[in-house]
Each structure stands twice: as C-alpha cells, then as structure tokens.
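start.cif follows (mmCIF, C-alpha atoms):
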data_work
loop_
_atom_site.group_PDB
_atom_site.id
_atom_site.type_symbol
_atom_site.label_atom_id
_atom_site.label_comp_id
_atom_site.auth_asym_id
_atom_site.auth_seq_id
_atom_site.Cartn_x
_atom_site.Cartn_y
_atom_site.Cartn_z
ATOM 1 C CA MET A 18 13.036 26.892 8.367
ATOM 2 C CA PRO A 19 11.040 28.656 5.600
ATOM 3 C CA ASN A 20 12.832 30.783 3.009
ATOM 4 C CA ILE A 21 13.414 34.520 3.392
ATOM 5 C CA LYS A 22 10.944 35.938 0.868
ATOM 6 C CA THR A 23 10.536 39.610 1.777
ATOM 7 C CA ILE A 24 13.126 42.046 3.147
ATOM 8 C CA LEU A 25 12.318 45.565 4.334
ATOM 9 C CA ILE A 26 15.192 48.040 4.290
ATOM 10 C CA ALA A 27 14.749 51.338 6.139
ATOM 11 C CA LEU A 28 17.190 53.996 4.957
ATOM 12 C CA ASP A 29 18.169 57.267 6.601
ATOM 13 C CA LEU A 30 19.151 59.170 3.464
ATOM 14 C CA GLU A 31 20.912 61.834 5.538
ATOM 15 C CA ASP A 32 23.371 59.214 6.832
ATOM 16 C CA ASP A 33 26.618 58.982 4.865
ATOM 17 C CA ASP A 34 26.734 55.237 5.592
ATOM 18 C CA SER A 35 23.263 54.521 4.208
ATOM 19 C CA GLN A 36 24.780 52.984 1.065
ATOM 20 C CA TYR A 37 26.460 50.374 3.304
ATOM 21 C CA VAL A 38 23.033 49.398 4.576
ATOM 22 C CA ALA A 39 21.635 49.325 1.047
ATOM 23 C CA ASN A 40 24.511 47.172 -0.219
ATOM 24 C CA ARG A 41 23.891 44.531 2.451
ATOM 25 C CA ALA A 42 20.167 44.501 1.711
ATOM 26 C CA ILE A 43 20.851 44.102 -2.020
ATOM 27 C CA GLN A 44 23.288 41.251 -1.305
ATOM 28 C CA LEU A 45 20.844 39.391 0.930
ATOM 29 C CA ALA A 46 17.925 39.912 -1.449
ATOM 30 C CA SER A 47 20.050 38.430 -4.240
ATOM 31 C CA GLN A 48 21.268 35.549 -2.080
ATOM 32 C CA HIS A 49 17.766 34.561 -0.974
ATOM 33 C CA LYS A 50 15.880 35.600 -4.142
ATOM 34 C CA ALA A 51 13.772 37.846 -1.916
ATOM 35 C CA GLN A 52 11.609 40.855 -2.705
ATOM 36 C CA LEU A 53 13.227 44.053 -1.462
ATOM 37 C CA ILE A 54 11.047 46.819 -0.013
ATOM 38 C CA GLY A 55 12.736 50.165 0.560
ATOM 39 C CA VAL A 56 11.393 52.852 2.880
ATOM 40 C CA HIS A 57 12.472 56.327 3.886
ATOM 41 C CA VAL A 58 10.512 58.234 6.497
ATOM 42 C CA ILE A 59 10.389 62.023 6.240
ATOM 43 C CA GLU A 60 9.862 63.681 9.604
ATOM 44 C CA ASN A 61 9.478 67.208 10.895
ATOM 45 C CA LEU A 62 9.297 69.202 7.661
ATOM 46 C CA PRO A 63 9.012 72.890 8.716
ATOM 47 C CA LEU A 64 6.167 73.608 6.328
ATOM 48 C CA GLN A 65 4.124 75.434 8.969
ATOM 49 C CA ASP A 66 7.034 77.644 10.052
ATOM 50 C CA ALA A 67 5.746 81.218 10.324
ATOM 51 C CA SER A 68 9.195 82.489 9.298
ATOM 52 C CA LEU A 69 8.873 81.010 5.794
ATOM 53 C CA PRO A 70 8.397 83.631 3.046
ATOM 54 C CA PRO A 71 4.643 84.023 2.399
ATOM 55 C CA SER A 72 5.192 83.556 -1.332
ATOM 56 C CA ILE A 73 6.355 79.956 -0.911
ATOM 57 C CA ASP A 74 3.946 77.301 -2.126
ATOM 58 C CA THR A 75 4.284 74.750 0.687
ATOM 59 C CA VAL A 76 2.425 72.077 -1.269
ATOM 60 C CA ALA A 77 4.871 72.417 -4.170
ATOM 61 C CA LEU A 78 7.802 72.540 -1.735
ATOM 62 C CA SER A 79 6.661 69.314 -0.063
ATOM 63 C CA GLY A 80 6.294 67.656 -3.451
ATOM 64 C CA ILE A 81 9.810 68.680 -4.503
ATOM 65 C CA ILE A 82 11.321 67.328 -1.269
ATOM 66 C CA GLN A 83 9.454 64.044 -1.623
ATOM 67 C CA GLU A 84 10.563 63.669 -5.234
ATOM 68 C CA GLN A 85 14.193 64.295 -4.224
ATOM 69 C CA LYS A 86 13.987 61.674 -1.479
ATOM 70 C CA ARG A 87 12.318 59.169 -3.795
ATOM 71 C CA HIS A 88 15.122 59.632 -6.318
ATOM 72 C CA GLN A 89 17.748 59.153 -3.579
ATOM 73 C CA LEU A 90 16.009 56.014 -2.324
ATOM 74 C CA GLN A 91 15.764 54.618 -5.828
ATOM 75 C CA SER A 92 19.435 55.397 -6.440
ATOM 76 C CA ARG A 93 20.565 53.621 -3.247
ATOM 77 C CA LEU A 94 18.721 50.446 -4.265
ATOM 78 C CA ALA A 95 19.435 50.588 -7.991
ATOM 79 C CA GLY A 96 21.750 47.588 -7.794
ATOM 80 C CA ALA A 97 18.991 45.151 -6.784
ATOM 81 C CA GLU A 98 18.423 42.286 -9.241
ATOM 82 C CA GLU A 99 14.666 42.695 -8.919
ATOM 83 C CA ARG A 100 13.329 46.230 -8.767
ATOM 84 C CA ALA A 101 12.687 47.237 -5.171
ATOM 85 C CA VAL A 102 9.246 48.364 -4.038
ATOM 86 C CA LEU A 103 9.687 51.908 -2.724
ATOM 87 C CA HIS A 104 7.776 53.640 0.058
ATOM 88 C CA LEU A 105 8.153 57.281 1.022
ATOM 89 C CA THR A 106 6.157 58.251 4.073
ATOM 90 C CA THR A 107 6.012 60.763 6.923
ATOM 91 C CA GLY A 108 5.759 60.416 10.687
ATOM 92 C CA LYS A 109 7.773 58.704 13.388
ATOM 93 C CA PRO A 110 10.281 56.383 11.710
ATOM 94 C CA HIS A 111 9.911 53.404 14.056
ATOM 95 C CA ASP A 112 6.097 53.492 13.813
ATOM 96 C CA ALA A 113 6.171 53.709 10.013
ATOM 97 C CA ILE A 114 8.733 50.911 9.715
ATOM 98 C CA GLU A 115 6.751 48.624 12.015
ATOM 99 C CA ALA A 116 3.495 49.306 10.122
ATOM 100 C CA LEU A 117 5.085 48.537 6.758
ATOM 101 C CA ALA A 118 6.736 45.394 8.108
ATOM 102 C CA LEU A 119 3.376 44.119 9.302
ATOM 103 C CA SER A 120 1.451 45.061 6.159
ATOM 104 C CA HIS A 121 4.001 43.384 3.871
ATOM 105 C CA ARG A 122 4.562 40.443 6.239
ATOM 106 C CA VAL A 123 8.307 40.861 5.916
ATOM 107 C CA ASP A 124 10.731 38.200 7.076
ATOM 108 C CA LEU A 125 13.608 40.549 7.885
ATOM 109 C CA ILE A 126 14.117 44.270 8.577
ATOM 110 C CA ILE A 127 17.453 45.864 7.701
ATOM 111 C CA ILE A 128 18.444 49.208 9.189
ATOM 112 C CA GLY A 129 21.520 51.260 10.074
ATOM 113 C CA PRO A 130 22.525 51.849 13.710
ATOM 114 C CA GLY A 131 21.607 55.528 13.606
ATOM 115 C CA VAL A 132 22.907 58.275 15.849
ATOM 116 C CA ARG A 133 21.187 59.375 19.032
ATOM 117 C CA LYS A 134 20.934 63.093 18.343
ATOM 118 C CA SER A 135 18.458 64.415 20.880
ATOM 119 C CA LEU A 136 18.036 63.940 24.624
ATOM 120 C CA LYS A 137 14.847 61.965 23.908
ATOM 121 C CA GLU A 138 16.769 59.546 21.679
ATOM 122 C CA LYS A 139 19.521 59.203 24.278
ATOM 123 C CA VAL A 140 16.896 58.207 26.848
ATOM 124 C CA PHE A 141 14.590 56.068 24.697
ATOM 125 C CA GLY A 142 17.069 54.947 22.033
ATOM 126 C CA SER A 143 17.635 55.522 18.355
ATOM 127 C CA THR A 144 15.222 54.426 15.644
ATOM 128 C CA ALA A 145 17.181 51.166 15.393
ATOM 129 C CA ASP A 146 16.734 50.537 19.135
ATOM 130 C CA ARG A 147 13.008 51.135 18.892
ATOM 131 C CA VAL A 148 12.594 48.957 15.814
ATOM 132 C CA VAL A 149 14.432 46.103 17.538
ATOM 133 C CA ARG A 150 12.173 46.468 20.571
ATOM 134 C CA SER A 151 8.923 46.422 18.618
ATOM 135 C CA ALA A 152 9.530 44.327 15.486
ATOM 136 C CA ALA A 153 7.813 40.958 15.175
ATOM 137 C CA CYS A 154 10.601 39.698 12.910
ATOM 138 C CA PRO A 155 14.409 39.708 13.080
ATOM 139 C CA VAL A 156 16.180 43.036 12.635
ATOM 140 C CA LEU A 157 19.624 43.271 11.019
ATOM 141 C CA VAL A 158 21.574 46.363 12.098
ATOM 142 C CA VAL A 159 24.273 47.033 9.497
ATOM 143 C CA ARG A 160 27.569 48.709 10.381
ATOM 144 C CA ARG A 161 29.959 47.469 7.696
ATOM 145 C CA ASP A 162 29.994 47.706 3.916
ATOM 146 C CA ALA A 163 30.014 44.329 2.182
ATOM 147 C CA ASN A 164 28.726 42.622 -0.929
ATOM 148 C CA ALA A 165 29.419 38.992 -0.010
ATOM 149 C CA PRO A 166 27.449 36.622 2.255
ATOM 150 C CA TYR A 167 28.368 36.528 5.927
ATOM 151 C CA ARG A 168 31.293 34.186 6.500
ATOM 152 C CA HIS A 169 31.660 33.921 10.298
ATOM 153 C CA ILE A 170 28.869 34.508 12.811
ATOM 154 C CA ALA A 171 29.153 34.742 16.598
ATOM 155 C CA VAL A 172 25.941 33.739 18.386
ATOM 156 C CA GLY A 173 25.179 34.740 21.969
ATOM 157 C CA VAL A 174 23.971 31.689 23.909
ATOM 158 C CA ASP A 175 22.211 31.670 27.283
ATOM 159 C CA PHE A 176 20.307 28.345 26.925
ATOM 160 C CA SER A 177 16.968 30.091 26.415
ATOM 161 C CA GLU A 178 14.539 29.944 23.514
ATOM 162 C CA TYR A 179 15.864 33.392 22.595
ATOM 163 C CA ALA A 180 19.335 31.975 21.944
ATOM 164 C CA GLN A 181 17.929 29.034 20.002
ATOM 165 C CA ALA A 182 15.953 31.409 17.754
ATOM 166 C CA ALA A 183 19.105 33.486 17.160
ATOM 167 C CA ALA A 184 21.193 30.422 16.265
ATOM 168 C CA GLN A 185 18.536 29.140 13.865
ATOM 169 C CA TRP A 186 18.216 32.504 12.172
ATOM 170 C CA ALA A 187 21.991 32.904 11.862
ATOM 171 C CA SER A 188 22.087 29.656 9.882
ATOM 172 C CA ARG A 189 19.043 30.720 7.871
ATOM 173 C CA LEU A 190 20.577 34.065 6.953
ATOM 174 C CA SER A 191 23.900 32.606 5.834
ATOM 175 C CA PRO A 192 23.848 28.776 5.671
ATOM 176 C CA THR A 193 27.512 28.488 4.609
ATOM 177 C CA ALA A 194 28.905 30.664 7.428
ATOM 178 C CA SER A 195 30.891 29.174 10.279
ATOM 179 C CA ARG A 196 29.487 29.831 13.763
ATOM 180 C CA ASP A 197 30.914 30.501 17.188
ATOM 181 C CA LEU A 198 28.360 29.754 19.903
ATOM 182 C CA ILE A 199 29.447 32.000 22.773
ATOM 183 C CA HIS A 200 28.231 31.523 26.331
ATOM 184 C CA ALA A 201 29.472 33.927 28.990
ATOM 185 C CA PHE A 202 28.940 33.405 32.703
ATOM 186 C CA GLU A 203 29.909 35.264 35.836
ATOM 187 C CA ILE A 204 30.243 34.203 39.451
ATOM 188 C CA PRO A 205 28.569 37.059 41.371
ATOM 189 C CA LEU A 206 31.137 39.035 43.357
ATOM 190 C CA VAL A 207 29.036 38.766 46.510
ATOM 191 C CA PHE A 208 29.000 34.970 46.199
ATOM 192 C CA GLU A 209 32.743 34.799 45.560
ATOM 193 C CA GLN A 210 33.441 37.031 48.582
ATOM 194 C CA ALA A 211 31.197 34.812 50.715
ATOM 195 C CA MET A 212 33.145 31.749 49.540
ATOM 196 C CA LEU A 213 36.407 33.418 50.597
ATOM 197 C CA LYS A 214 34.961 34.324 53.999
ATOM 198 C CA ALA A 215 33.929 30.675 54.346
ATOM 199 C CA ASN A 216 37.628 29.777 54.012
ATOM 200 C CA THR A 217 37.301 28.557 50.411
ATOM 201 C CA SER A 218 40.722 28.753 48.775
ATOM 202 C CA ARG A 219 41.402 30.520 45.482
ATOM 203 C CA ALA A 220 42.311 27.152 43.995
ATOM 204 C CA GLU A 221 38.895 25.781 44.964
ATOM 205 C CA ILE A 222 37.132 28.830 43.516
ATOM 206 C CA ASP A 223 39.071 28.414 40.260
ATOM 207 C CA SER A 224 38.125 24.743 40.199
ATOM 208 C CA TYR A 225 34.477 25.674 40.721
ATOM 209 C CA ARG A 226 34.680 28.159 37.837
ATOM 210 C CA ARG A 227 36.212 25.521 35.540
ATOM 211 C CA ALA A 228 33.509 23.037 36.485
ATOM 212 C CA LYS A 229 30.807 25.575 35.581
ATOM 213 C CA ALA A 230 32.526 26.193 32.257
ATOM 214 C CA ARG A 231 32.667 22.449 31.483
ATOM 215 C CA ALA A 232 28.997 22.031 32.372
ATOM 216 C CA ALA A 233 28.041 24.975 30.141
ATOM 217 C CA HIS A 234 30.080 23.542 27.272
ATOM 218 C CA GLN A 235 28.310 20.189 27.566
ATOM 219 C CA GLN A 236 24.942 21.912 27.713
ATOM 220 C CA MET A 237 25.762 23.812 24.507
ATOM 221 C CA ILE A 238 26.605 20.569 22.716
ATOM 222 C CA LYS A 239 23.398 18.973 23.996
ATOM 223 C CA LEU A 240 21.257 21.949 22.929
ATOM 224 C CA PHE A 241 22.809 22.686 19.536
ATOM 225 C CA GLY A 242 24.402 19.375 18.561
ATOM 226 C CA GLU A 243 23.349 15.877 17.706
ATOM 227 C CA ASP A 244 24.719 12.602 19.052
ATOM 228 C CA GLY A 245 27.210 14.534 21.170
ATOM 229 C CA MET A 246 28.618 16.451 18.205
ATOM 230 C CA LEU A 247 28.146 20.016 17.038
ATOM 231 C CA PRO A 248 27.315 20.633 13.360
ATOM 232 C CA LYS A 249 30.133 21.145 10.898
ATOM 233 C CA ALA A 250 31.825 24.576 11.093
ATOM 234 C CA THR A 251 30.266 25.233 14.519
ATOM 235 C CA ARG A 252 32.331 25.789 17.650
ATOM 236 C CA ALA A 253 31.186 26.211 21.256
ATOM 237 C CA ARG A 254 33.067 28.751 23.370
ATOM 238 C CA VAL A 255 32.548 29.388 27.075
ATOM 239 C CA VAL A 256 34.062 32.514 28.606
ATOM 240 C CA HIS A 257 34.034 33.953 32.090
ATOM 241 C CA GLY A 258 32.723 37.503 32.143
ATOM 242 C CA ASN A 259 29.906 39.799 31.107
ATOM 243 C CA PRO A 260 27.845 38.455 28.160
ATOM 244 C CA SER A 261 27.616 41.758 26.267
ATOM 245 C CA THR A 262 31.351 42.347 26.733
ATOM 246 C CA ALA A 263 32.065 38.877 25.353
ATOM 247 C CA LEU A 264 29.951 39.561 22.241
ATOM 248 C CA ILE A 265 31.427 43.035 21.715
ATOM 249 C CA ASN A 266 34.932 41.570 21.999
ATOM 250 C CA ALA A 267 33.982 38.921 19.442
ATOM 251 C CA SER A 268 32.739 41.656 17.098
ATOM 252 C CA ARG A 269 36.204 43.220 17.131
ATOM 253 C CA ARG A 270 37.807 40.128 15.641
ATOM 254 C CA LYS A 271 38.495 40.558 11.929
ATOM 255 C CA THR A 272 37.034 37.147 11.134
ATOM 256 C CA VAL A 273 33.617 37.861 12.708
ATOM 257 C CA ASP A 274 31.247 39.785 10.436
ATOM 258 C CA LEU A 275 27.942 39.227 12.258
ATOM 259 C CA ILE A 276 26.751 38.940 15.857
ATOM 260 C CA ALA A 277 23.418 37.149 16.378
ATOM 261 C CA LEU A 278 21.508 37.335 19.629
ATOM 262 C CA GLY A 279 17.999 36.786 20.902
ATOM 263 C CA THR A 280 15.756 39.479 22.315
ATOM 264 C CA ARG A 281 12.734 39.195 24.563
ATOM 265 C CA GLY A 282 10.107 39.193 21.838
ATOM 266 C CA THR A 283 7.263 41.695 21.546
ATOM 267 C CA SER A 284 5.691 41.702 24.993
ATOM 268 C CA THR A 285 4.484 44.989 26.473
ATOM 269 C CA LEU A 286 7.557 45.214 28.671
ATOM 270 C CA ALA A 287 9.942 44.442 25.810
ATOM 271 C CA ARG A 288 8.489 47.270 23.742
ATOM 272 C CA HIS A 289 9.695 49.716 26.390
ATOM 273 C CA LEU A 290 12.806 48.049 27.770
ATOM 274 C CA LEU A 291 15.331 46.199 25.644
ATOM 275 C CA GLY A 292 17.363 43.663 27.642
ATOM 276 C CA SER A 293 20.679 45.026 28.901
ATOM 277 C CA VAL A 294 22.770 42.472 26.990
ATOM 278 C CA SER A 295 20.929 43.183 23.734
ATOM 279 C CA ARG A 296 21.082 46.936 24.148
ATOM 280 C CA GLN A 297 24.746 47.036 25.149
ATOM 281 C CA THR A 298 25.696 44.740 22.288
ATOM 282 C CA LEU A 299 23.720 46.790 19.762
ATOM 283 C CA ALA A 300 25.423 49.950 21.006
ATOM 284 C CA GLY A 301 28.960 48.590 21.229
ATOM 285 C CA ALA A 302 29.358 45.980 18.490
ATOM 286 C CA LYS A 303 31.853 46.756 15.732
ATOM 287 C CA CYS A 304 30.177 44.540 13.145
ATOM 288 C CA ASP A 305 26.615 43.893 11.990
ATOM 289 C CA VAL A 306 24.120 42.627 14.594
ATOM 290 C CA LEU A 307 21.122 40.357 14.025
ATOM 291 C CA ALA A 308 18.496 40.741 16.772
ATOM 292 C CA VAL A 309 15.977 37.883 16.796
ATOM 293 C CA PRO A 310 12.753 37.870 18.865
ATOM 294 C CA ALA A 311 11.996 34.580 20.599
ATOM 295 C CA ILE A 312 8.498 34.296 19.149
ATOM 296 C CA LEU A 313 9.929 32.971 15.890
#

Translate the structure of the given file into structure tokens.
Amino acid sequence: MPNIKTILIALDLEDDDSQYVANRAIQLASQHKAQLIGVHVIENLPLQDASLPPSIDTVALSGIIQEQKRHQLQSRLAGAEERAVLHLTTGKPHDAIEALALSHRVDLIIIGPGVRKSLKEKVFGSTADRVVRSAACPVLVVRRDANAPYRHIAVGVDFSEYAQAAAQWASRLSPTASRDLIHAFEIPLVFEQAMLKANTSRAEIDSYRRAKARAAHQQMIKLFGEDGMLPKATRARVVHGNPSTALINASRRKTVDLIALGTRGTSTLARHLLGSVSRQTLAGAKCDVLAVPAIL
C-alpha cells in the first residue's frame, strides 16, 4: 500500500483531552514522515447578539478570538518534527473537516471522540460520528494519550471488503504491531428455539455452534493468510456473540491499543446512517478506533 503522506488532525480546543489527540497525530506524522495539517473550527460566535454592549467592536473581538485559537492550535502541535500547516475556520465542524480533507487529499483524519452535548448531536451523532460517516479516507478516533506506535491491534472481521480494508490499513498504520483478527457470530435466537422445538438436543446445538466457529476460523486463514498460514504476529479469534460487544471487550484489554474496523464507505445511505456495529464500537470502545471505508 502507498505511504501515509498527509495527516489532518481536527482539534476541539475546548476539550481537555485535545492534547492526547495532538500527541497521537504528532507521533504518527513522525513515524510516517507525513505532513501534518491542523484544523480548529470556530462555530456559533455570538457576535450578532443584541445584548452585547454597543461599544464593542465585533470585528476586533472576532480577530482576538481567532488569534487566541490559532495560538492554542499552534501550541498543541508544537512538538511536530515538521511545522504543521494550520487552518482556523468557521462553520459546521464536520463540513469544514471534510472540505479540508478533500482539498489537501489527506490519507488519514485524526479526531477526538467528542461529547454529544445537544439533542441534535444525540440523534445525529457527534462531530466524530459525522466525520466517520462522510470521510473518503480512514478516520482515527483517539481516546488514549500515547507517544509510541501502536503495539497490538484488534481488527473486526466479517469476511467483507470492509474488513479487508480495515486489516490492510491496520498494518499500514503500524507495520510492527501484532494483530488479533476477531470474528463474532451469533445463532439467531429464533433459529435456536426452532431447533429445540424440532427436538434438536443442546449437545447437537453446541456441536453446530462449534462447527460454525471452525468454518469461520478456516475462512479467516484463507482470506488473510497464505499457504494455510497467517502472517507473523497475527492471530485469528472466533467468538460467539455480538460483533460490537466482542470489539468493545477487546478494547478493554490492557494489551490492545487500537481497534480497526470497516465502515460502509461514502454512499448516500452511509452518510446518514453509520452501521450499528461501527457506531456501537465507536461509542463504547475504551481505546483508539480506526474506521476505514471500503472504497480504499
């Protein structure tokens, strides 16, 4: 796969954890010798508020606020080996981030998880949710502070092109990291109840579940391995249960520092509805999450 050349980091300077996000972006830019582009979006300045004292120069006030934010942004990214390109803009954050990502042809967007403050955000998602839905490149959502490359990545696998894109990007982001390929499957409750009503014993149902697990394991080796063997430092794990729960549980392990999963790309539907597994994992993961669209 081609090198990571350009990284866009979107910082919410009001978030106490924004330095965590900046530190990861600085680390990855250094690791990949990539150009770092920093952006902060200013929204909803009350410059037209009728309650403001009439003596206030709103143009000067806006300039002062922008200068303060520019200084904060520069300070967050001061540790970058190569000076970051800084953008300060106004508007809706997800729209501004997407426009900058397209204009700079970035390879990766880095952002914090954000907090859903308003009812609108609780319904439609945080800025991070919206960026993941609309971005044409992978989006790294940072939750932990770190200055070293990722060491152990858990990849969600469902045998689709989405999972293959996620696995490839996980290796691209941190080539030396070990990987757990995690496939989760469920036997629908209705089907299991029908099997019981058809006089299928519990032992037979358990045997059926084990057979499905073995088949999934073999399929993982076939899809991600070569000559019947997985790459070095790669392990295939098959679990019975909900896929998002399996990935969230993996994120709680101390050894796992990144979850990678595929999303549904940038179709019209995907821009409005993030897949349930992706959305639940983004909301519940305890470590960083790499969301990769299948178009890559």

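The residue that comes closest to Phe176 in chain A, out of A:Leu117, A:Ala211, A:Cys154, A:Met237 and on the basis of only C-alpha atoms, is A:Met237.
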
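Residues in contact range of range 196-200 of chain A, defined as at most 8 Å between all atoms listed in the file, with sequence neighbours fewer than 5 positions away removed, read His169, Ile170, Ala171, Val172, Gly173, Val174, Asp175, Ala233, Met237, Ala250, Thr251, Arg252, Ala253, Arg254, Val255, Val256, Pro260, Ala263 and Leu264 of chain A.
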
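The closest residue to Gly129 in chain A, picked from A:Asp162, A:Asp274, A:Glu98, A:Asp29 and counting only C-alpha atoms, is A:Asp29.
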
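Note that CA of Arg296 in chain A and CA of Gly108 in chain A are 24.4 Å apart.
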
(message) Env of Ala300 in chain A: 10 Å cut, atoms = all atoms listed in the file, seq-sep filter 5 positions within chain, self excluded. Answer as a ChimeraX atom specification.
(response) /A:130,142-143,146,261,265,294-295,306

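Considering only C-alpha atoms, the residue among A:Ala183, A:Ile21, A:Ile126, A:Ala27 positioned nearest to His49 in chain A is A:Ile21.
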
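As for CA of Ala230 in chain A and CA of Ala201 in chain A, they are spaced 8.9 Å apart.
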
Discussion item. Going by the chain IDs and residue numbers used in this file, which residues fall under the PyMOL selection byres ((chain A and resi 109) around 9)? Write them as a PyMOL selection string.
Written reply: chain A and resi 58-60+107-108+110-114+144

Residue with the minimum atom-to-atom distance to Gly279 in chain A, picked from A:Val207, A:Ala228, A:Leu247, A:Ala187 with only C-alpha atoms counted, is A:Ala187

If you count only C-alpha atoms, the residue of A:Arg87, A:Arg150, A:His257, A:Arg160 closest to Thr280 in chain A turns out to be A:Arg150

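Closest approach to Val159 in chain A among A:Ala118, A:Gln52, A:Ala145, A:Gly258: A:Ala145, based on all atoms listed in the file.
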
The PyMOL selection byres ((chain A and resi 36) around 12) resolved against shown file, as a PyMOL selection string
chain A and resi 26-35+37-43+89-96+128-129+159-164

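Between CA of Ala182 in chain A and CA of Asp244 in chain A there is a distance of 20.8 Å.
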
With the file shown as input, list the residues that the PyMOL selection byres ((chain A and resi 155) around 10) selects, as a PDB file with C-alpha atoms, in the frame of the given file.
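Produced file selection21.pdb, reproduced below:
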ATOM      1  CA  VAL A 123       8.307  40.861   5.916  1.00  0.00           C
ATOM      2  CA  ASP A 124      10.731  38.200   7.076  1.00  0.00           C
ATOM      3  CA  LEU A 125      13.608  40.549   7.885  1.00  0.00           C
ATOM      4  CA  ILE A 126      14.117  44.270   8.577  1.00  0.00           C
ATOM      5  CA  ILE A 127      17.453  45.864   7.701  1.00  0.00           C
ATOM      6  CA  VAL A 148      12.594  48.957  15.814  1.00  0.00           C
ATOM      7  CA  VAL A 149      14.432  46.103  17.538  1.00  0.00           C
ATOM      8  CA  ALA A 152       9.530  44.327  15.486  1.00  0.00           C
ATOM      9  CA  ALA A 153       7.813  40.958  15.175  1.00  0.00           C
ATOM     10  CA  CYS A 154      10.601  39.698  12.910  1.00  0.00           C
ATOM     11  CA  VAL A 156      16.180  43.036  12.635  1.00  0.00           C
ATOM     12  CA  LEU A 157      19.624  43.271  11.019  1.00  0.00           C
ATOM     13  CA  VAL A 158      21.574  46.363  12.098  1.00  0.00           C
ATOM     14  CA  ALA A 182      15.953  31.409  17.754  1.00  0.00           C
ATOM     15  CA  ALA A 183      19.105  33.486  17.160  1.00  0.00           C
ATOM     16  CA  TRP A 186      18.216  32.504  12.172  1.00  0.00           C
ATOM     17  CA  ALA A 277      23.418  37.149  16.378  1.00  0.00           C
ATOM     18  CA  LEU A 278      21.508  37.335  19.629  1.00  0.00           C
ATOM     19  CA  GLY A 279      17.999  36.786  20.902  1.00  0.00           C
ATOM     20  CA  THR A 280      15.756  39.479  22.315  1.00  0.00           C
ATOM     21  CA  GLY A 282      10.107  39.193  21.838  1.00  0.00           C
ATOM     22  CA  LEU A 307      21.122  40.357  14.025  1.00  0.00           C
ATOM     23  CA  ALA A 308      18.496  40.741  16.772  1.00  0.00           C
ATOM     24  CA  VAL A 309      15.977  37.883  16.796  1.00  0.00           C
ATOM     25  CA  PRO A 310      12.753  37.870  18.865  1.00  0.00           C
ATOM     26  CA  ALA A 311      11.996  34.580  20.599  1.00  0.00           C
ATOM     27  CA  LEU A 313       9.929  32.971  15.890  1.00  0.00           C
TER      28      LEU A 313
END
